[in-house]
Protein chains: 2
Amino acid sequence: MKELEERIARDGQVLGDGILKVDSFVNHQVDAGLMDLCGKEFARRFAKLGATKVLTAEISGIAPALTTGLHLGLPVVYARKSKPITMPDQVYLTLAPSHTKGRMVELIISPEYLANGERVLIIDDFLASGATILGLARLAQAAGAKVVGVGALIEKIFEGGREALRPLGLPVESLAAISSMDEGKIVFGD
Amino acid sequence: MKELEERIARDGQVLGDGILKVDSFVNHQVDAGLMDLCGKEFARRFAKLGATKVLTAEISGIAPALTTGLHLGLPVVYARKSKPITMPDQVYLTLAPSHTKGRMVELIISPEYLANGERVLIIDDFLASGATILGLARLAQAAGAKVVGVGALIEKIFEGGREALRPLGLPVESLAAISSMDEGKIVFGD
């Protein structure tokens, strides 16, 4: 998506170790209008999947998942990384490595909000190794729900996430795909 | 706001210890359409304050802050509760007690996204004791920004947050104000 690529080219910062800092419009400060455009574009691309729910992981997936849910008219569930006191004792829980935290994190969903037979569209900010998205897919499967598509704002092609997701046999869409960040230069690919 | 009060009356659960569970439409599963309505209503009520930025705290403030930012055409900043590797070493940091976690949590904002002279509208999911909102106001003040208003989806009047915020001398708006949850019965007040 042109608007997102242009913003990444202008305001994204390559920090080394494969980290792309987009804190000025996605991850700490959020450009609400841009997120709305991204949600609208996801809604367009995934309109025909018959999704019944949008699923993401806290924290930075919430903004694009919310705008996608808004444009599709669907509720959004975000997997928690720690169990709040309002959650029942029995939960769906899996572990996924966090790239930016450098450790494993828990992904937890209450069975109250993910039911057998639901059709789940997974939306996240980044598709890097695919580990978080695979974790969300495991939670959906544990609940008896069917994942019908995966969307990420930004794909880091060189981290192989799309390959990792291939066994799921799903449509995978990213709105900006980066093929290289060598020497701090962001190159977009397909 | 009628739509929010009706939803709380229908789907909110009083868990005891002053905890109102709204996980089915605000905190774990999010009703995107309802959040959009709430953001529109905040935008209407705060339209004349000349705000330049919406400020909230992760995690559950993100959804209403995002839709408010969308309707006001403003960027949204969410204070982080742990410092990601993309954040510089020098940050604004304060501590605030978390009601649902039962301990103090850090609220951290990068100086990159909160500047001297900004006019900040604070939006959060709950106004209970006011501690989180006071923490956000301290961060804004540390940055030399001026807080111009405070909005919360749900106010628990009996926890005294409005009184705690009074010294700030700000307009405080809640979209649903609960005066009592005794014996599990939710009573709305003014």
# chains A, B, ... in the order shown; residues from 1 in each chain; ligands from 1
call {"tool": "interface_residues", "arguments": {"of": "chain B", "to": "chain A", "cutoff": "9 Å", "atoms": "only C-alpha atoms", "output": "number ranges by chain"}}
result
B: 15, 19-25, 27-33, 35-36, 58-59, 62-63, 66-71, 73-80, 84-87, 100-101, 109-110, 112-113
call {"tool": "residues_around", "arguments": {"residues": "B:Leu139", "least_positions_apart": "3", "cutoff": "10 Å", "atoms": "only C-alpha atoms", "output": "PyMOL selection string"}}
result
chain B and resi 79+91-94+107-111+114+133-136+142-145+147
call {"tool": "closest_residue", "arguments": {"among": "A:Gly151, A:Gly117, A:Gly161, A:Pro167", "to": "A:Gly130", "atoms": "only C-alpha atoms"}}
result
A:Gly161
call {"tool": "select_by_dssp", "arguments": {"residues": "stretch 68-108 of chain B", "states": "strand (DSSP E)", "output": "list in words"}}
result
Val76, Val77, Tyr78, Ala79, Tyr92, Leu93, Thr94, Leu95, Ala96, Pro97, Ser98, Arg103, Met104, Val105, Glu106, Leu107 and Ile108 of chain B
call {"tool": "write_last_selection", "arguments": {"atoms": "N, CA, C and O atoms", "output": "mmCIF file, in the first residue's frame"}}
result
data_model
loop_
_atom_site.group_PDB
_atom_site.id
_atom_site.type_symbol
_atom_site.label_atom_id
_atom_site.label_comp_id
_atom_site.auth_asym_id
_atom_site.auth_seq_id
_atom_site.Cartn_x
_atom_site.Cartn_y
_atom_site.Cartn_z
ATOM 1 N N VAL B 76 -2.040 9.556 18.216
ATOM 2 C CA VAL B 76 -2.279 8.959 19.529
ATOM 3 C C VAL B 76 -0.946 8.442 20.070
ATOM 4 O O VAL B 76 -0.204 7.788 19.340
ATOM 5 N N VAL B 77 -0.645 8.747 21.314
ATOM 6 C CA VAL B 77 0.540 8.154 21.949
ATOM 7 C C VAL B 77 0.076 7.284 23.101
ATOM 8 O O VAL B 77 -0.754 7.712 23.898
ATOM 9 N N TYR B 78 0.561 6.047 23.150
ATOM 10 C CA TYR B 78 0.243 5.234 24.337
ATOM 11 C C TYR B 78 1.498 5.020 25.158
ATOM 12 O O TYR B 78 2.533 4.620 24.650
ATOM 13 N N ALA B 79 1.380 5.340 26.451
ATOM 14 C CA ALA B 79 2.491 5.103 27.361
ATOM 15 C C ALA B 79 2.730 3.610 27.448
ATOM 16 O O ALA B 79 1.789 2.823 27.544
ATOM 17 N N TYR B 92 10.603 9.639 29.750
ATOM 18 C CA TYR B 92 9.765 10.074 30.852
ATOM 19 C C TYR B 92 9.141 8.831 31.467
ATOM 20 O O TYR B 92 8.553 8.011 30.750
ATOM 21 N N LEU B 93 9.300 8.679 32.781
ATOM 22 C CA LEU B 93 8.815 7.471 33.446
ATOM 23 C C LEU B 93 8.163 7.846 34.769
ATOM 24 O O LEU B 93 8.676 8.687 35.502
ATOM 25 N N THR B 94 7.023 7.236 35.033
ATOM 26 C CA THR B 94 6.410 7.409 36.349
ATOM 27 C C THR B 94 5.806 6.081 36.766
ATOM 28 O O THR B 94 5.725 5.148 35.966
ATOM 29 N N LEU B 95 5.414 5.989 38.022
ATOM 30 C CA LEU B 95 4.792 4.760 38.524
ATOM 31 C C LEU B 95 3.341 5.041 38.853
ATOM 32 O O LEU B 95 3.001 6.128 39.325
ATOM 33 N N ALA B 96 2.488 4.059 38.593
ATOM 34 C CA ALA B 96 1.080 4.186 38.954
ATOM 35 C C ALA B 96 0.584 2.822 39.408
ATOM 36 O O ALA B 96 0.999 1.796 38.863
ATOM 37 N N PRO B 97 -0.291 2.798 40.405
ATOM 38 C CA PRO B 97 -0.829 1.513 40.852
ATOM 39 C C PRO B 97 -1.816 0.956 39.843
ATOM 40 O O PRO B 97 -2.621 1.695 39.279
ATOM 41 N N SER B 98 -1.725 -0.334 39.555
ATOM 42 C CA SER B 98 -2.691 -0.977 38.662
ATOM 43 C C SER B 98 -3.711 -1.735 39.497
ATOM 44 O O SER B 98 -3.361 -2.641 40.263
ATOM 45 N N ARG B 103 -0.506 -4.232 41.652
ATOM 46 C CA ARG B 103 0.865 -3.771 41.934
ATOM 47 C C ARG B 103 1.136 -2.465 41.181
ATOM 48 O O ARG B 103 0.324 -2.034 40.383
ATOM 49 N N MET B 104 2.287 -1.880 41.461
ATOM 50 C CA MET B 104 2.671 -0.667 40.731
ATOM 51 C C MET B 104 3.141 -1.057 39.332
ATOM 52 O O MET B 104 3.811 -2.073 39.158
ATOM 53 N N VAL B 105 2.789 -0.243 38.355
ATOM 54 C CA VAL B 105 3.318 -0.462 37.006
ATOM 55 C C VAL B 105 4.006 0.826 36.545
ATOM 56 O O VAL B 105 3.691 1.919 37.020
ATOM 57 N N GLU B 106 4.957 0.661 35.662
ATOM 58 C CA GLU B 106 5.626 1.821 35.076
ATOM 59 C C GLU B 106 4.803 2.353 33.914
ATOM 60 O O GLU B 106 4.150 1.589 33.204
ATOM 61 N N LEU B 107 4.819 3.650 33.741
ATOM 62 C CA LEU B 107 4.262 4.301 32.540
ATOM 63 C C LEU B 107 5.417 5.069 31.913
ATOM 64 O O LEU B 107 6.030 5.916 32.570
ATOM 65 N N ILE B 108 5.721 4.762 30.666
ATOM 66 C CA ILE B 108 6.934 5.292 30.028
ATOM 67 C C ILE B 108 6.579 5.922 28.688
ATOM 68 O O ILE B 108 5.858 5.323 27.884
#
call {"tool": "residues_around", "arguments": {"residues": "stretch 152-159 of chain A", "least_positions_apart": "6", "cutoff": "7 Å", "atoms": "only C-alpha atoms", "output": "PyMOL selection string"}}
result
chain A and resi 123-129+173-180
call {"tool": "atom_distance", "arguments": {"atom1": "atom CA of B:Gly160", "atom2": "atom CA of B:Met181"}}
result
14.2 Å
